[in-house]
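First the structure, in the form of structure tokens, and then the observations on it.
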Amino acid sequence: MPDTFLEQFYQHKDSPKAALICGNVSLTYAQLYRRCQALAARLRAQGIGLTSTEPDYYDIFDPYGAEHPPWVILISKRSTDAVVGAIATLMAGGAYVLIGDDAPEAYINHILEDTAATVVLHNDDFQTLENENYIPWPIIIPTENQIACAVYTSGSTGRPKGAVLEHRSINRMVAWQTEYMKPEGKTATAAFAPFGFIASLWELYWPLANGLTLHILTEDLRHDLFALEQYIEKNHISYLFLPPNLAEIFTQNYRGNALQYLRVAGGRLHSCGDPHGQYEILYSLGMSENGGSVTFHPIQKKIDKDLPIGRAFHQTRIYLEGTEGEMAVSGPSLFRGYLARKEETLLKLVPNPYSHEPGYEHMYLSGDLARENENGELIHLGHGHRIYFFCFFSK
């Protein structure tokens, strides 16, 4: 099986099957590939991909030092265009930041300043792709150490910071989802998370790597759980992400049969679960700095108490001081650092004194506090002060 998302996506490039659906707009895999190719060619003509983003060639702390900035800023409503922009950027050898078109102007300007981006695509910039002359573009397979995107934090502790993720984070994420959820027999998934959130990466890439149909949920569906349940059943959607507050309500009322996996991340989860055991909840502590997940707790029955966040996620290692303290995270999905924020990166991404194994040379000091329960699972205790000495907890 191919190792990278793009290689897997290319296997479906001639398929007449629906790849993306949003409202009344639908694209087959062949149409999606053609649009991505046309946009990738346009991006290359604008200088995207002419600068390697390997660590030895591109300094994320000095984005203005690059002769050809690799960043493409995608400002889009919930649409198929946003996915076209993201994939096309990767195909061109660049990196992107995806932003919802309702984002504040100050937030967008902050990102433009961080990235030194010279290419910005808005909603209207995608409309010409359908009629644009198709120019076949040589297939580029980025290395694992090249940059794929930056995911900006909420900025609750200061100015928003862009966590720079390399292709290896996406490749490992797709590999785990494929192995765990087995795409055979599944037909469709849905994208619920706001664009720009780390959860959107989990939603966008796995189905398109496996030839499934991805439904980008409209704002109306995102704000009406009854209509969402009907949509899930009508379109045979097997996978969905919801934040904890909505997941608790949804699982109390969902009576359908199509859903097989409900991913939940982004906060504490209380009473939740399927009393009939028809679908599984994939609960985790999400973290942009580790490509999306740090812990994992599968739930296959209804639970009426605060839930532990589980054990260390796939290939991730977590360190605590004894059985309670700040979580330090290490693994091959760790981010490269915060874009244009060297001092903040050096405070949070530090050498791992407990391992020199490839992929585990650094650890991220998360600021999240946790303790171990009697079952060896982690209980999240909120955000706290840094603790400087850690013991290996789990793998």
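Within each chain, counting starts at residue 1; across the structure tokens, chains are named A, B, ... in the order shown, with ligands numbered 1 upward in that order.
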
Could you pull out all residues of segment 146-256 of chain A with a DSSP call of alpha helix (DSSP H) and give them as a VMD selection string? chain A and resid 167 to 181 199 to 209 219 to 222 225 to 234 244 to 253

Kindly export the residues of the current selection with N, CA and C atoms, as a short mmCIF file (atom, residue, chain, number, x, y, z; two decimals), in the first residue's frame.
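Wrote again30.cif, looks like this:
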```cif
data_model
loop_
_atom_site.label_atom_id
_atom_site.label_comp_id
_atom_site.auth_asym_id
_atom_site.auth_seq_id
_atom_site.Cartn_x
_atom_site.Cartn_y
_atom_site.Cartn_z
N HIS A 167 4.39 16.37 6.45
CA HIS A 167 3.60 15.32 5.79
C HIS A 167 3.56 14.04 6.62
N ARG A 168 4.57 13.78 7.40
CA ARG A 168 4.58 12.56 8.19
C ARG A 168 3.40 12.52 9.17
N SER A 169 2.97 13.69 9.68
CA SER A 169 1.83 13.73 10.59
C SER A 169 0.56 13.28 9.88
N ILE A 170 0.34 13.79 8.67
CA ILE A 170 -0.84 13.41 7.90
C ILE A 170 -0.77 11.95 7.48
N ASN A 171 0.40 11.50 7.02
CA ASN A 171 0.55 10.11 6.57
C ASN A 171 0.26 9.13 7.70
N ARG A 172 0.74 9.41 8.90
CA ARG A 172 0.51 8.51 10.03
C ARG A 172 -0.95 8.55 10.47
N MET A 173 -1.54 9.72 10.42
CA MET A 173 -2.95 9.85 10.76
C MET A 173 -3.81 9.02 9.82
N VAL A 174 -3.56 9.14 8.52
CA VAL A 174 -4.33 8.38 7.53
C VAL A 174 -4.10 6.88 7.71
N ALA A 175 -2.86 6.50 7.97
CA ALA A 175 -2.54 5.07 8.14
C ALA A 175 -3.29 4.48 9.32
N TRP A 176 -3.33 5.21 10.45
CA TRP A 176 -4.03 4.70 11.62
C TRP A 176 -5.52 4.59 11.36
N GLN A 177 -6.11 5.63 10.77
CA GLN A 177 -7.54 5.59 10.50
C GLN A 177 -7.90 4.43 9.56
N THR A 178 -7.07 4.21 8.55
CA THR A 178 -7.34 3.13 7.61
C THR A 178 -7.25 1.77 8.30
N GLU A 179 -6.25 1.61 9.13
CA GLU A 179 -6.07 0.33 9.82
C GLU A 179 -7.18 0.09 10.84
N TYR A 180 -7.56 1.14 11.57
CA TYR A 180 -8.51 0.95 12.66
C TYR A 180 -9.95 0.84 12.16
N MET A 181 -10.31 1.67 11.18
CA MET A 181 -11.71 1.74 10.76
C MET A 181 -12.04 0.94 9.52
N ALA A 199 -9.14 19.03 13.89
CA ALA A 199 -10.04 17.91 13.59
C ALA A 199 -10.38 17.83 12.10
N SER A 200 -10.29 18.97 11.40
CA SER A 200 -10.64 18.94 9.97
C SER A 200 -9.65 18.10 9.17
N LEU A 201 -8.40 18.00 9.63
CA LEU A 201 -7.43 17.15 8.93
C LEU A 201 -7.84 15.69 9.02
N TRP A 202 -8.35 15.27 10.19
CA TRP A 202 -8.81 13.90 10.35
C TRP A 202 -9.99 13.61 9.44
N GLU A 203 -10.81 14.62 9.20
CA GLU A 203 -12.00 14.42 8.39
C GLU A 203 -11.71 14.41 6.89
N LEU A 204 -10.77 15.24 6.44
CA LEU A 204 -10.60 15.46 5.01
C LEU A 204 -9.79 14.37 4.31
N TYR A 205 -8.73 13.87 4.94
CA TYR A 205 -7.77 13.07 4.20
C TYR A 205 -8.05 11.57 4.19
N TRP A 206 -8.51 11.02 5.29
CA TRP A 206 -8.72 9.57 5.33
C TRP A 206 -9.71 9.08 4.27
N PRO A 207 -10.90 9.69 4.12
CA PRO A 207 -11.82 9.17 3.10
C PRO A 207 -11.29 9.31 1.68
N LEU A 208 -10.60 10.40 1.38
CA LEU A 208 -10.11 10.61 0.02
C LEU A 208 -8.91 9.73 -0.31
N ALA A 209 -8.24 9.22 0.71
CA ALA A 209 -7.16 8.26 0.48
C ALA A 209 -7.70 6.87 0.19
N GLU A 219 -23.60 24.63 6.99
CA GLU A 219 -23.83 25.25 8.29
C GLU A 219 -25.20 24.87 8.84
N ASP A 220 -26.20 24.74 7.99
CA ASP A 220 -27.53 24.35 8.46
C ASP A 220 -27.49 22.99 9.15
N LEU A 221 -26.79 22.04 8.56
CA LEU A 221 -26.70 20.71 9.16
C LEU A 221 -25.88 20.73 10.44
N ARG A 222 -24.86 21.56 10.48
CA ARG A 222 -24.00 21.62 11.67
C ARG A 222 -24.75 22.17 12.89
N LEU A 225 -29.10 18.99 14.94
CA LEU A 225 -28.74 17.60 15.14
C LEU A 225 -29.81 16.64 14.62
N PHE A 226 -31.06 17.06 14.63
CA PHE A 226 -32.12 16.20 14.08
C PHE A 226 -31.94 16.05 12.58
N ALA A 227 -31.71 17.18 11.90
CA ALA A 227 -31.48 17.13 10.44
C ALA A 227 -30.19 16.38 10.13
N LEU A 228 -29.20 16.51 11.00
CA LEU A 228 -27.92 15.80 10.81
C LEU A 228 -28.13 14.29 10.86
N GLU A 229 -28.93 13.82 11.83
CA GLU A 229 -29.20 12.37 11.91
C GLU A 229 -29.89 11.88 10.64
N GLN A 230 -30.84 12.63 10.14
CA GLN A 230 -31.53 12.23 8.92
C GLN A 230 -30.55 12.18 7.74
N TYR A 231 -29.64 13.15 7.69
CA TYR A 231 -28.66 13.21 6.61
C TYR A 231 -27.71 12.01 6.68
N ILE A 232 -27.29 11.65 7.89
CA ILE A 232 -26.41 10.50 8.08
C ILE A 232 -27.05 9.23 7.54
N GLU A 233 -28.31 9.03 7.87
CA GLU A 233 -28.99 7.81 7.44
C GLU A 233 -29.22 7.80 5.93
N LYS A 234 -29.64 8.93 5.38
CA LYS A 234 -29.93 9.00 3.95
C LYS A 234 -28.70 8.75 3.11
N PRO A 244 -17.35 17.52 22.23
CA PRO A 244 -17.99 16.80 23.34
C PRO A 244 -19.39 17.27 23.69
N ASN A 245 -19.65 18.57 23.72
CA ASN A 245 -20.97 19.04 24.14
C ASN A 245 -22.06 18.55 23.18
N LEU A 246 -21.78 18.54 21.88
CA LEU A 246 -22.76 18.05 20.92
C LEU A 246 -22.82 16.53 20.90
N ALA A 247 -21.67 15.88 21.13
CA ALA A 247 -21.64 14.41 21.14
C ALA A 247 -22.52 13.86 22.26
N GLU A 248 -22.52 14.52 23.41
CA GLU A 248 -23.34 14.06 24.53
C GLU A 248 -24.83 14.11 24.18
N ILE A 249 -25.25 15.18 23.52
CA ILE A 249 -26.65 15.30 23.11
C ILE A 249 -26.97 14.32 21.99
N PHE A 250 -26.06 14.25 21.02
CA PHE A 250 -26.29 13.39 19.85
C PHE A 250 -26.45 11.93 20.26
N THR A 251 -25.57 11.44 21.13
CA THR A 251 -25.62 10.01 21.50
C THR A 251 -26.84 9.68 22.34
N GLN A 252 -27.42 10.66 22.98
CA GLN A 252 -28.64 10.41 23.76
C GLN A 252 -29.85 10.24 22.84
N ASN A 253 -29.76 10.77 21.63
CA ASN A 253 -30.94 10.81 20.76
C ASN A 253 -30.80 10.05 19.45
#
```

Just the residues within 7 Å of segment 284-300 of chain A, please, counting only C-alpha atoms, with nothing from its chain fewer than 3 positions along; format it as a ChimeraX atom specification. /A:151,163,165,169,198-199,264-266,273-274,277,279-281,309-313,316,333-335

Smallest atom-to-atom distance to Ala103 of chain A: which of A:Gln8, A:Ser76, A:Thr89, A:Ser52, using only C-alpha atoms? A:Ser76

So that I can check the secondary structure, give me every residue of segment 232-272 of chain A assigned strand (DSSP E) by backbone DSSP, as a VMD selection string. chain A and resid 237 to 242 261 to 264

Pick out the closest residue to Tyr239 of chain A from this set: A:Phe195, A:Arg268, A:Pro183, A:Ala45. Count only C-alpha atoms. A:Pro183

List the neighbours of Val120 of chain A out to 10 Å using only C-alpha atoms; skip same-chain residues closer than 6 positions along the sequence, and give me the result as number ranges by chain. A: 71-75, 96-97, 112

Now that the selection is made, can you save its residues with C-alpha atoms as a PDB file, in the first residue's frame?
```
ATOM      1  CA  TRP A  71       2.547  29.179   1.942  1.00  0.00           C
ATOM      2  CA  VAL A  72      -0.884  29.344   0.353  1.00  0.00           C
ATOM      3  CA  ILE A  73      -3.602  30.965   2.466  1.00  0.00           C
ATOM      4  CA  LEU A  74      -7.015  29.450   1.720  1.00  0.00           C
ATOM      5  CA  ILE A  75      -9.944  31.580   2.884  1.00  0.00           C
ATOM      6  CA  TYR A  96      -1.307  25.817   3.340  1.00  0.00           C
ATOM      7  CA  VAL A  97      -3.292  27.480   6.087  1.00  0.00           C
ATOM      8  CA  LEU A 112      -0.488  36.686   6.577  1.00  0.00           C
TER       9      LEU A 112
END
```

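Of the residues under consideration (A:Met363, A:Ile21, A:Leu307, A:Ala38), A:Met363 shows the shortest atom-to-atom contact distance to Gly331 of chain A when counting only C-alpha atoms.
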
Hey, can you check how far atom CA of Ala188 of chain A sits from atom CA of Val83 of chain A?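 Straight-line distance from atom CA of Ala188 of chain A to atom CA of Val83 of chain A works out to 15.9 Å.
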
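Separating atom CA of Pro351 of chain A from atom CA of Met327 of chain A is a distance of 14.8 Å.
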
Counting only C-alpha atoms, the residue of A:Ala88, A:Leu365, A:Ile140, A:Leu212 that sits nearest His12 of chain A: A:Leu212

Please provide as a PyMOL selection string all residues within 9 Å of Leu6 of chain A, with the sequence filter that same-chain residues fewer than 5 positions apart are discarded (counting only C-alpha atoms). chain A and resi 11+87+90-91+140-142+209

Output all heavy atoms of each residue in that selection to a file, as a PDB file, in the first residue's frame.
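Saved to again04.pdb:
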```pdb
ATOM      1  N   GLN A  11      -4.409   7.035  -6.677  1.00  0.00           N
ATOM      2  CA  GLN A  11      -4.940   5.746  -7.136  1.00  0.00           C
ATOM      3  C   GLN A  11      -6.403   5.845  -7.589  1.00  0.00           C
ATOM      4  O   GLN A  11      -6.879   4.985  -8.321  1.00  0.00           O
ATOM      5  CB  GLN A  11      -4.822   4.709  -6.013  1.00  0.00           C
ATOM      6  CG  GLN A  11      -3.396   4.261  -5.727  1.00  0.00           C
ATOM      7  CD  GLN A  11      -3.357   3.094  -4.772  1.00  0.00           C
ATOM      8  OE1 GLN A  11      -4.103   3.025  -3.808  1.00  0.00           O
ATOM      9  NE2 GLN A  11      -2.473   2.139  -5.044  1.00  0.00           N
ATOM     10  N   ILE A  87      -5.534  20.183  -1.326  1.00  0.00           N
ATOM     11  CA  ILE A  87      -4.852  19.106  -2.050  1.00  0.00           C
ATOM     12  C   ILE A  87      -3.963  19.673  -3.144  1.00  0.00           C
ATOM     13  O   ILE A  87      -2.833  19.207  -3.353  1.00  0.00           O
ATOM     14  CB  ILE A  87      -5.874  18.115  -2.631  1.00  0.00           C
ATOM     15  CG1 ILE A  87      -6.640  17.424  -1.497  1.00  0.00           C
ATOM     16  CG2 ILE A  87      -5.172  17.068  -3.489  1.00  0.00           C
ATOM     17  CD1 ILE A  87      -7.733  16.489  -1.981  1.00  0.00           C
ATOM     18  N   LEU A  90      -0.660  20.830  -1.771  1.00  0.00           N
ATOM     19  CA  LEU A  90       0.241  19.712  -1.500  1.00  0.00           C
ATOM     20  C   LEU A  90       0.804  19.155  -2.800  1.00  0.00           C
ATOM     21  O   LEU A  90       1.995  18.801  -2.877  1.00  0.00           O
ATOM     22  CB  LEU A  90      -0.499  18.611  -0.736  1.00  0.00           C
ATOM     23  CG  LEU A  90      -1.109  18.995   0.615  1.00  0.00           C
ATOM     24  CD1 LEU A  90      -1.744  17.780   1.277  1.00  0.00           C
ATOM     25  CD2 LEU A  90      -0.085  19.635   1.538  1.00  0.00           C
ATOM     26  N   MET A  91      -0.027  19.071  -3.834  1.00  0.00           N
ATOM     27  CA  MET A  91       0.425  18.558  -5.126  1.00  0.00           C
ATOM     28  C   MET A  91       1.487  19.469  -5.748  1.00  0.00           C
ATOM     29  O   MET A  91       2.383  19.002  -6.456  1.00  0.00           O
ATOM     30  CB  MET A  91      -0.765  18.418  -6.076  1.00  0.00           C
ATOM     31  CG  MET A  91      -1.704  17.282  -5.702  1.00  0.00           C
ATOM     32  SD  MET A  91      -3.258  17.271  -6.660  1.00  0.00           S
ATOM     33  CE  MET A  91      -2.636  16.963  -8.306  1.00  0.00           C
ATOM     34  N   ILE A 140       4.150  15.055  -7.935  1.00  0.00           N
ATOM     35  CA  ILE A 140       5.167  15.324  -6.928  1.00  0.00           C
ATOM     36  C   ILE A 140       4.754  14.604  -5.648  1.00  0.00           C
ATOM     37  O   ILE A 140       3.627  14.759  -5.173  1.00  0.00           O
ATOM     38  CB  ILE A 140       5.300  16.831  -6.662  1.00  0.00           C
ATOM     39  CG1 ILE A 140       5.798  17.555  -7.924  1.00  0.00           C
ATOM     40  CG2 ILE A 140       6.252  17.101  -5.499  1.00  0.00           C
ATOM     41  CD1 ILE A 140       5.824  19.075  -7.789  1.00  0.00           C
ATOM     42  N   ILE A 141       5.645  13.815  -5.101  1.00  0.00           N
ATOM     43  CA  ILE A 141       5.395  13.147  -3.825  1.00  0.00           C
ATOM     44  C   ILE A 141       6.303  13.790  -2.783  1.00  0.00           C
ATOM     45  O   ILE A 141       7.511  13.535  -2.761  1.00  0.00           O
ATOM     46  CB  ILE A 141       5.660  11.629  -3.905  1.00  0.00           C
ATOM     47  CG1 ILE A 141       4.837  11.000  -5.036  1.00  0.00           C
ATOM     48  CG2 ILE A 141       5.327  10.979  -2.560  1.00  0.00           C
ATOM     49  CD1 ILE A 141       3.345  11.142  -4.864  1.00  0.00           C
ATOM     50  N   PRO A 142       5.769  14.657  -1.933  1.00  0.00           N
ATOM     51  CA  PRO A 142       6.608  15.298  -0.927  1.00  0.00           C
ATOM     52  C   PRO A 142       7.217  14.275   0.026  1.00  0.00           C
ATOM     53  O   PRO A 142       6.627  13.221   0.297  1.00  0.00           O
ATOM     54  CB  PRO A 142       5.631  16.220  -0.186  1.00  0.00           C
ATOM     55  CG  PRO A 142       4.467  16.373  -1.117  1.00  0.00           C
ATOM     56  CD  PRO A 142       4.368  15.086  -1.862  1.00  0.00           C
ATOM     57  N   ALA A 209      -8.237   9.224   0.709  1.00  0.00           N
ATOM     58  CA  ALA A 209      -7.155   8.262   0.480  1.00  0.00           C
ATOM     59  C   ALA A 209      -7.704   6.873   0.192  1.00  0.00           C
ATOM     60  O   ALA A 209      -7.009   6.042  -0.395  1.00  0.00           O
ATOM     61  CB  ALA A 209      -6.229   8.205   1.692  1.00  0.00           C
TER      62      ALA A 209
END
```

If you measure from atom CA of Ser79 of chain A to atom CA of Asn235 of chain A, what distance in Å do you get, rounded to one decimal? 17.6 Å

For Arg263 of chain A, find every residue with an atom within 7 Å (counting only C-alpha atoms), except residues of its own chain fewer than 2 positions away, and show them as an MDAnalysis selection string. chainID A and resid 240:242 261 265 281:283
